[in-house]
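A short worksheet on the structure shown next.
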Amino acid sequence: MPRTPQHDTGFQTQRLYVGAHAVDVRGSFDLQRPAVVLVHGIGMSGEYFLPYADVLAATYDVYALDLPGYGSTPNPPRALTVAELGEVVAEVCAQLGLKAPVLIGHSMGCQIVTNTVANNPSLGAGYVLIGPTVDPAARSLPAQAWRLFRDTLAEPFATNAVVFRNYLRMGPLRYLRTLRYMFADRPEETIRQCRLPGLVVRGARDPIASAAWVRQLVRLAPDASLREVPEGPHALQHNQSQALAEACAPFIAARTGPGAVPRATSRDS
């Protein structure tokens, strides 16, 4: 399938289909390097991962997804559950021919990634959760809205512009329907089934992923560690991309270095 150059990032875009669902993939498509897959959160798209993807692309084969109904993809007939989105991620990795990628999620994307890892234990080399949702202490619409408002005040204008543009693109009804699935998912239970090594990262100023919550996730995971980015708000991958890359670098390198995991082979299609 033809790939359209993205001149502002150096990445290319390819549209894949998982059943009837379209997924747009921005990527470097360099299967000779270890792969990293970036999974966005509710209402968002791969767009807000691009600053972080640019940093990673110096070393890795990077893919930022627009899941069905997000970003540039057409809306499916109904909003997909977190578990269904997790299976979409697994199928995209298979279609791309990725061998043992590191899966990186942000916000609700962390819930998607933990579902992918828990249900597909041989898929990846490891996983990274950035600002994971949903803190059980704030598992309601009013509580999440308040935390989101506080984070908006902490984010730079450029980040808020990307967030609001993506939210408007998704629309309020689909957002609220997806929010219901986000609240119903239980990452504190799913992460117990994630046997791959993991890393949980939060910004020190992130009101959405509290320090107590991320520590709880790390304790519950079979094999996970914790890093904190000083002064960082929720959207680290957009406004603290270099600091985030430095925080994640030892973990990703350990999971993708020589002898750690098999390299990718030619893509199945």
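Please note that chains go A, B, ... in the order of the structure tokens, that every chain numbers its residues from 1, and that ligands are numbered from 1 in the order shown.
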
Would you give me, as CSV, each residue of range 137-211 of chain A having an atom within 10 Å of an atom of range 70-88 of chain A, along with its shortest atom pair and that distance in Å to one decimal, using only C-alpha atoms and sorting by chain and residue number?
```
residue,atom,partner,partner_atom,distance
A:Arg165,CA,A:Gly71,CA,9.5
A:Asn166,CA,A:Gly71,CA,6.5
A:Tyr167,CA,A:Tyr70,CA,9.1
A:Arg169,CA,A:Gly71,CA,7.0
A:Met170,CA,A:Tyr70,CA,6.2
A:Gly171,CA,A:Tyr70,CA,9.9
A:Leu173,CA,A:Ala79,CA,9.7
A:Arg174,CA,A:Ala79,CA,6.4
A:Tyr175,CA,A:Ala79,CA,8.5
A:Leu176,CA,A:Ala79,CA,9.5
A:Arg177,CA,A:Ala79,CA,6.5
A:Thr178,CA,A:Ala79,CA,6.0
A:Leu179,CA,A:Thr81,CA,9.5
A:Arg180,CA,A:Thr81,CA,8.9
A:Tyr181,CA,A:Thr81,CA,5.5
A:Met182,CA,A:Val82,CA,6.5
A:Phe183,CA,A:Val82,CA,9.7
A:Ala184,CA,A:Val82,CA,8.9
A:Asp185,CA,A:Val82,CA,6.9
A:Arg186,CA,A:Val82,CA,9.9
```

At most 7 Å is the cut-off: for each residue in range 225-255 of chain A with any atom that close to an atom of range 205-215 of chain A, write down the nearest atom pair and the distance in Å rounded to one decimal, counting only C-alpha atoms, chain first then increasing number, as a tab-separated table.
```
residue	atom	partner	partner_atom	distance
A:Glu231	CA	A:Arg205	CA	5.6
A:Gly232	CA	A:Arg205	CA	5.4
A:Pro233	CA	A:Asp206	CA	4.3
A:His234	CA	A:Asp206	CA	4.7
```

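Take CA of Phe157 in chain A and CA of Pro142 in chain A: the distance between them is 23.6 Å.
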
Just give me the gap between CA of Leu236 in chain A and CA of Ala254 in chain A in Å, one decimal is fine.
-> 21.6 Å

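Selecting strand (DSSP E) from the backbone DSSP output for range 33-136 of chain A yields Ala35, Val36, Val37, Leu38, Val39, Asp61, Val62, Tyr63, Ala64, Leu65, Asp66, Val102, Leu103, Ile104, Gly105, His106, Gly126, Tyr127, Val128, Leu129 and Ile130 of chain A.
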
Any idea what the distance is between CA of Pro197 in chain A and CA of Val128 in chain A?
-> 8.9 Å

Residues near Gly131 in chain A, cut-off 7 Å, only C-alpha atoms, skip fewer than 2 positions along chain, as a count of residues only | 8

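Here the question is which of A:Gly203, A:Ala221, A:Val62, A:Ser140 gets nearest to Ala247 in chain A using only C-alpha atoms, and that residue is A:Gly203.
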
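The shortest atom-to-atom distance to Asn119 in chain A, with only C-alpha atoms taken into account, belongs to A:Val89 out of A:Pro68, A:His21, A:Val89, A:Asp61.
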
Go through A:Pro250, A:Gly126, A:Pro136, A:Pro121 one by one, measure the shortest atom-to-atom distance of each to Gln193 in chain A using only C-alpha atoms, and give the residue with the smallest value.
-> A:Pro121

Closest to Ser225 in chain A among A:Cys248, A:Ala243, A:Pro101, A:Ala204, using only C-alpha atoms?
-> A:Cys248
